[in-house]
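Asks: Dumping the structure here so I can ask a few things about it.
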Amino acid sequence: MNIFLSYPSARRDFAQSLKLGLEAEGHEVFFDRDDLPAGEAFHAAIRQAVQAADLFIFVVAPESVHDGSYALAELGLAQERWPRPAGHVLPVLLAPLDMHLLPPYLLAVTLLEPRGDAVATTLAAVARLNRSPLQRWALKLALGAVLLAALGAAWWVQEQ
């Protein structure tokens, strides 16, 4: 999956760890420090990266939602790309925040509130979002078959 990672510079350590984890799981990640060479124009590159992304991860912290934040500008690009964020935008809450400060677009999906290791929790959420509809259907079918077999076995034991 092609992922755009939006974060405030104050959360760079988390973003770097998340980027490495995502790449280890086979994802392509747009990460400003790696993909925007010094001295080069960057606005167009960021717009193109958001347009090419399958998933937009937005690191939610007080720094990312204050007026003038570049992360908010990136979020605006994501909103243009996906008017409905479900399945495309994953907001990851890293710090306590007054929810009234969040743009309504982010509130249209459930915020990921990591418990324990934030990178591991985010990687698991990305893996869930990355399942194709066919994979989800196959998983439901397999679970249904297991349930049916268990019910059949219980009936058979009861009849004996």
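Numbering starts fresh at 1 for the residues of each chain in the structure tokens, the chains themselves are lettered A, B, ... in the order given, and ligands are numbered from 1 as they appear.
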Show me, as a PyMOL selection string, the residues that have an atom within 10 Å of Gln79 of chain A when counting only C-alpha atoms, minus same-chain residues fewer than 2 positions from it.
Replies: chain A and resi 50+56+73-77+81-85+88-89+105-106
Asks: Any chance you could export the current selection's all heavy atoms as a short mmCIF file (atom, residue, chain, number, x, y, z; two decimals), in the first residue's frame?
Replies:
```cif
data_model
loop_
_atom_site.label_atom_id
_atom_site.label_comp_id
_atom_site.auth_asym_id
_atom_site.auth_seq_id
_atom_site.Cartn_x
_atom_site.Cartn_y
_atom_site.Cartn_z
N VAL A 50 0.13 12.94 -2.06
CA VAL A 50 -1.20 12.70 -1.50
C VAL A 50 -2.11 12.09 -2.56
O VAL A 50 -2.86 11.15 -2.29
CB VAL A 50 -1.82 13.99 -0.90
CG1 VAL A 50 -3.27 13.78 -0.51
CG2 VAL A 50 -1.01 14.46 0.32
N PHE A 56 -3.85 7.79 4.06
CA PHE A 56 -3.29 9.01 4.62
C PHE A 56 -3.31 8.87 6.13
O PHE A 56 -4.38 8.78 6.73
CB PHE A 56 -4.14 10.21 4.17
CG PHE A 56 -3.64 11.55 4.60
CD1 PHE A 56 -2.80 12.30 3.78
CD2 PHE A 56 -4.03 12.10 5.81
CE1 PHE A 56 -2.36 13.55 4.16
CE2 PHE A 56 -3.59 13.35 6.20
CZ PHE A 56 -2.76 14.08 5.37
N ALA A 73 -2.65 21.69 6.21
CA ALA A 73 -2.68 21.88 4.75
C ALA A 73 -2.66 20.53 4.05
O ALA A 73 -3.38 20.30 3.07
CB ALA A 73 -1.49 22.73 4.31
N GLU A 74 -1.85 19.60 4.56
CA GLU A 74 -1.81 18.25 3.98
C GLU A 74 -3.16 17.55 4.16
O GLU A 74 -3.64 16.86 3.25
CB GLU A 74 -0.69 17.43 4.63
CG GLU A 74 0.69 17.95 4.30
CD GLU A 74 1.81 17.32 5.12
OE1 GLU A 74 1.51 16.74 6.19
OE2 GLU A 74 2.96 17.43 4.69
N LEU A 75 -3.78 17.75 5.31
CA LEU A 75 -5.10 17.17 5.55
C LEU A 75 -6.12 17.72 4.56
O LEU A 75 -6.99 16.99 4.08
CB LEU A 75 -5.55 17.43 6.98
CG LEU A 75 -6.87 16.79 7.39
CD1 LEU A 75 -6.78 15.26 7.35
CD2 LEU A 75 -7.27 17.25 8.78
N GLY A 76 -6.01 18.99 4.23
CA GLY A 76 -6.88 19.59 3.22
C GLY A 76 -6.72 18.91 1.87
O GLY A 76 -7.70 18.68 1.15
N LEU A 77 -5.49 18.54 1.52
CA LEU A 77 -5.25 17.81 0.27
C LEU A 77 -5.90 16.43 0.32
O LEU A 77 -6.46 15.96 -0.67
CB LEU A 77 -3.74 17.68 0.02
CG LEU A 77 -2.98 18.98 -0.21
CD1 LEU A 77 -1.48 18.71 -0.24
CD2 LEU A 77 -3.44 19.66 -1.49
N ARG A 81 -8.84 14.76 -2.06
CA ARG A 81 -8.68 13.45 -2.70
C ARG A 81 -9.82 12.51 -2.32
O ARG A 81 -10.33 11.78 -3.16
CB ARG A 81 -7.34 12.85 -2.26
CG ARG A 81 -7.13 11.39 -2.60
CD ARG A 81 -5.99 11.21 -3.55
NE ARG A 81 -5.55 9.84 -3.67
CZ ARG A 81 -6.18 8.89 -4.36
NH1 ARG A 81 -7.33 9.14 -4.94
NH2 ARG A 81 -5.68 7.68 -4.45
N TRP A 82 -10.18 12.48 -1.04
CA TRP A 82 -11.23 11.59 -0.55
C TRP A 82 -12.26 12.41 0.23
O TRP A 82 -12.10 12.65 1.43
CB TRP A 82 -10.65 10.53 0.40
CG TRP A 82 -9.59 9.68 -0.19
CD1 TRP A 82 -9.74 8.70 -1.14
CD2 TRP A 82 -8.20 9.69 0.14
NE1 TRP A 82 -8.53 8.12 -1.41
CE2 TRP A 82 -7.56 8.71 -0.63
CE3 TRP A 82 -7.43 10.44 1.03
CZ2 TRP A 82 -6.20 8.45 -0.56
CZ3 TRP A 82 -6.07 10.20 1.10
CH2 TRP A 82 -5.48 9.22 0.31
N PRO A 83 -13.32 12.85 -0.40
CA PRO A 83 -14.33 13.64 0.33
C PRO A 83 -14.90 12.89 1.54
O PRO A 83 -15.28 13.50 2.52
CB PRO A 83 -15.41 13.88 -0.73
CG PRO A 83 -14.67 13.82 -2.03
CD PRO A 83 -13.62 12.76 -1.83
N ARG A 84 -14.94 11.57 1.46
CA ARG A 84 -15.34 10.74 2.61
C ARG A 84 -14.10 10.02 3.09
O ARG A 84 -13.54 9.19 2.37
CB ARG A 84 -16.43 9.75 2.19
CG ARG A 84 -17.77 10.41 1.95
CD ARG A 84 -18.84 9.40 1.59
NE ARG A 84 -19.71 9.84 0.53
CZ ARG A 84 -19.43 9.92 -0.78
NH1 ARG A 84 -18.26 9.56 -1.21
NH2 ARG A 84 -20.31 10.34 -1.64
N PRO A 85 -13.65 10.29 4.30
CA PRO A 85 -12.37 9.76 4.77
C PRO A 85 -12.36 8.27 5.13
O PRO A 85 -11.27 7.67 5.21
CB PRO A 85 -12.06 10.61 6.00
CG PRO A 85 -13.40 11.04 6.50
CD PRO A 85 -14.26 11.20 5.28
N HIS A 88 -9.69 5.58 4.11
CA HIS A 88 -8.57 6.27 3.46
C HIS A 88 -7.74 7.11 4.40
O HIS A 88 -6.58 7.38 4.12
CB HIS A 88 -9.09 7.17 2.34
CG HIS A 88 -9.90 6.46 1.33
ND1 HIS A 88 -9.36 5.58 0.41
CD2 HIS A 88 -11.23 6.47 1.08
CE1 HIS A 88 -10.32 5.09 -0.35
NE2 HIS A 88 -11.47 5.62 0.04
N VAL A 89 -8.35 7.58 5.50
CA VAL A 89 -7.66 8.46 6.43
C VAL A 89 -7.64 7.80 7.80
O VAL A 89 -8.69 7.39 8.31
CB VAL A 89 -8.34 9.84 6.50
CG1 VAL A 89 -7.68 10.73 7.55
CG2 VAL A 89 -8.33 10.52 5.13
N TYR A 105 -13.65 16.87 9.39
CA TYR A 105 -13.24 15.78 8.48
C TYR A 105 -12.60 14.63 9.25
O TYR A 105 -12.89 13.47 8.97
CB TYR A 105 -12.27 16.36 7.44
CG TYR A 105 -11.80 15.37 6.40
CD1 TYR A 105 -12.68 14.90 5.42
CD2 TYR A 105 -10.49 14.94 6.36
CE1 TYR A 105 -12.26 14.01 4.45
CE2 TYR A 105 -10.05 14.05 5.39
CZ TYR A 105 -10.94 13.59 4.44
OH TYR A 105 -10.52 12.71 3.48
N LEU A 106 -11.75 14.95 10.22
CA LEU A 106 -11.12 13.89 11.03
C LEU A 106 -12.12 13.22 11.95
O LEU A 106 -12.00 12.03 12.24
CB LEU A 106 -9.97 14.45 11.86
CG LEU A 106 -8.66 14.69 11.15
CD1 LEU A 106 -7.62 15.21 12.14
CD2 LEU A 106 -8.15 13.46 10.44
#
```
Asks: Could you find all residues in chain A that DSSP calls strand (DSSP E) from the backbone, and write them as JSON, numbers by chain?
Replies: {"A": [2, 3, 4, 5, 6, 28, 29, 30, 55, 56, 57, 58, 59, 60, 89, 90, 91, 92, 93]}
Asks: Can you pull out every residue from segment 6-110 of chain A that DSSP, working from the backbone, puts in alpha helix (DSSP H), and format the result as a VMD selection string?
Replies: chain A and resid 12 to 24 32 to 35 43 to 52 70 to 81 104 to 107
Asks: May I have the residues from that selection written out with C-alpha atoms, as an mmCIF file, in the first residue's frame?
Replies:
```
data_model
loop_
_atom_site.group_PDB
_atom_site.id
_atom_site.type_symbol
_atom_site.label_atom_id
_atom_site.label_comp_id
_atom_site.auth_asym_id
_atom_site.auth_seq_id
_atom_site.Cartn_x
_atom_site.Cartn_y
_atom_site.Cartn_z
ATOM 1 C CA ARG A 12 9.275 13.307 14.106
ATOM 2 C CA ASP A 13 10.674 10.482 16.265
ATOM 3 C CA PHE A 14 7.320 8.693 16.301
ATOM 4 C CA ALA A 15 6.833 9.318 12.578
ATOM 5 C CA GLN A 16 10.294 7.952 11.766
ATOM 6 C CA SER A 17 9.647 4.778 13.782
ATOM 7 C CA LEU A 18 6.242 4.344 12.161
ATOM 8 C CA LYS A 19 7.723 4.835 8.683
ATOM 9 C CA LEU A 20 10.317 2.143 9.329
ATOM 10 C CA GLY A 21 7.652 -0.234 10.657
ATOM 11 C CA LEU A 22 5.377 0.372 7.668
ATOM 12 C CA GLU A 23 8.230 -0.214 5.228
ATOM 13 C CA ALA A 24 9.188 -3.414 7.049
ATOM 14 C CA ASP A 32 9.140 14.319 4.020
ATOM 15 C CA ARG A 33 12.685 13.850 5.360
ATOM 16 C CA ASP A 34 13.403 11.145 2.792
ATOM 17 C CA ASP A 35 11.299 12.238 -0.159
ATOM 18 C CA HIS A 43 4.543 21.908 -2.454
ATOM 19 C CA ALA A 44 3.923 20.122 -5.774
ATOM 20 C CA ALA A 45 5.715 16.983 -4.564
ATOM 21 C CA ILE A 46 3.455 16.827 -1.506
ATOM 22 C CA ARG A 47 0.312 17.326 -3.597
ATOM 23 C CA GLN A 48 1.397 14.544 -5.953
ATOM 24 C CA ALA A 49 2.224 12.221 -3.062
ATOM 25 C CA VAL A 50 -1.205 12.696 -1.495
ATOM 26 C CA GLN A 51 -2.865 12.057 -4.868
ATOM 27 C CA ALA A 52 -0.850 8.834 -5.279
ATOM 28 C CA TYR A 70 1.459 22.416 7.477
ATOM 29 C CA ALA A 71 -0.127 19.137 8.587
ATOM 30 C CA LEU A 72 -3.533 20.843 8.304
ATOM 31 C CA ALA A 73 -2.676 21.880 4.750
ATOM 32 C CA GLU A 74 -1.808 18.247 3.983
ATOM 33 C CA LEU A 75 -5.104 17.170 5.550
ATOM 34 C CA GLY A 76 -6.883 19.586 3.217
ATOM 35 C CA LEU A 77 -5.249 17.807 0.273
ATOM 36 C CA ALA A 78 -6.459 14.475 1.638
ATOM 37 C CA GLN A 79 -9.981 15.867 1.930
ATOM 38 C CA GLU A 80 -9.867 16.945 -1.721
ATOM 39 C CA ARG A 81 -8.679 13.446 -2.696
ATOM 40 C CA PRO A 104 -14.843 17.816 11.287
ATOM 41 C CA TYR A 105 -13.243 15.784 8.481
ATOM 42 C CA LEU A 106 -11.119 13.886 11.026
ATOM 43 C CA LEU A 107 -14.091 13.412 13.330
#
```
Asks: Can you measure atom CA of Glu113 of chain A to atom CA of Gly26 of chain A for me? One decimal in Å is fine.
Replies: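 A separation of 23.6 Å between them.
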Asks: What is the atom CA of Pro62 of chain A to atom CA of Leu111 of chain A distance in Å?
Replies: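 Going from atom CA of Pro62 of chain A over to atom CA of Leu111 of chain A, I get 14.5 Å.
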Asks: Report, in Å to a single decimal, how far apart atom CA of Phe58 of chain A and atom CA of Met1 of chain A are.
Replies: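 Atom CA of Phe58 of chain A lies at a distance of 15.9 Å from atom CA of Met1 of chain A.
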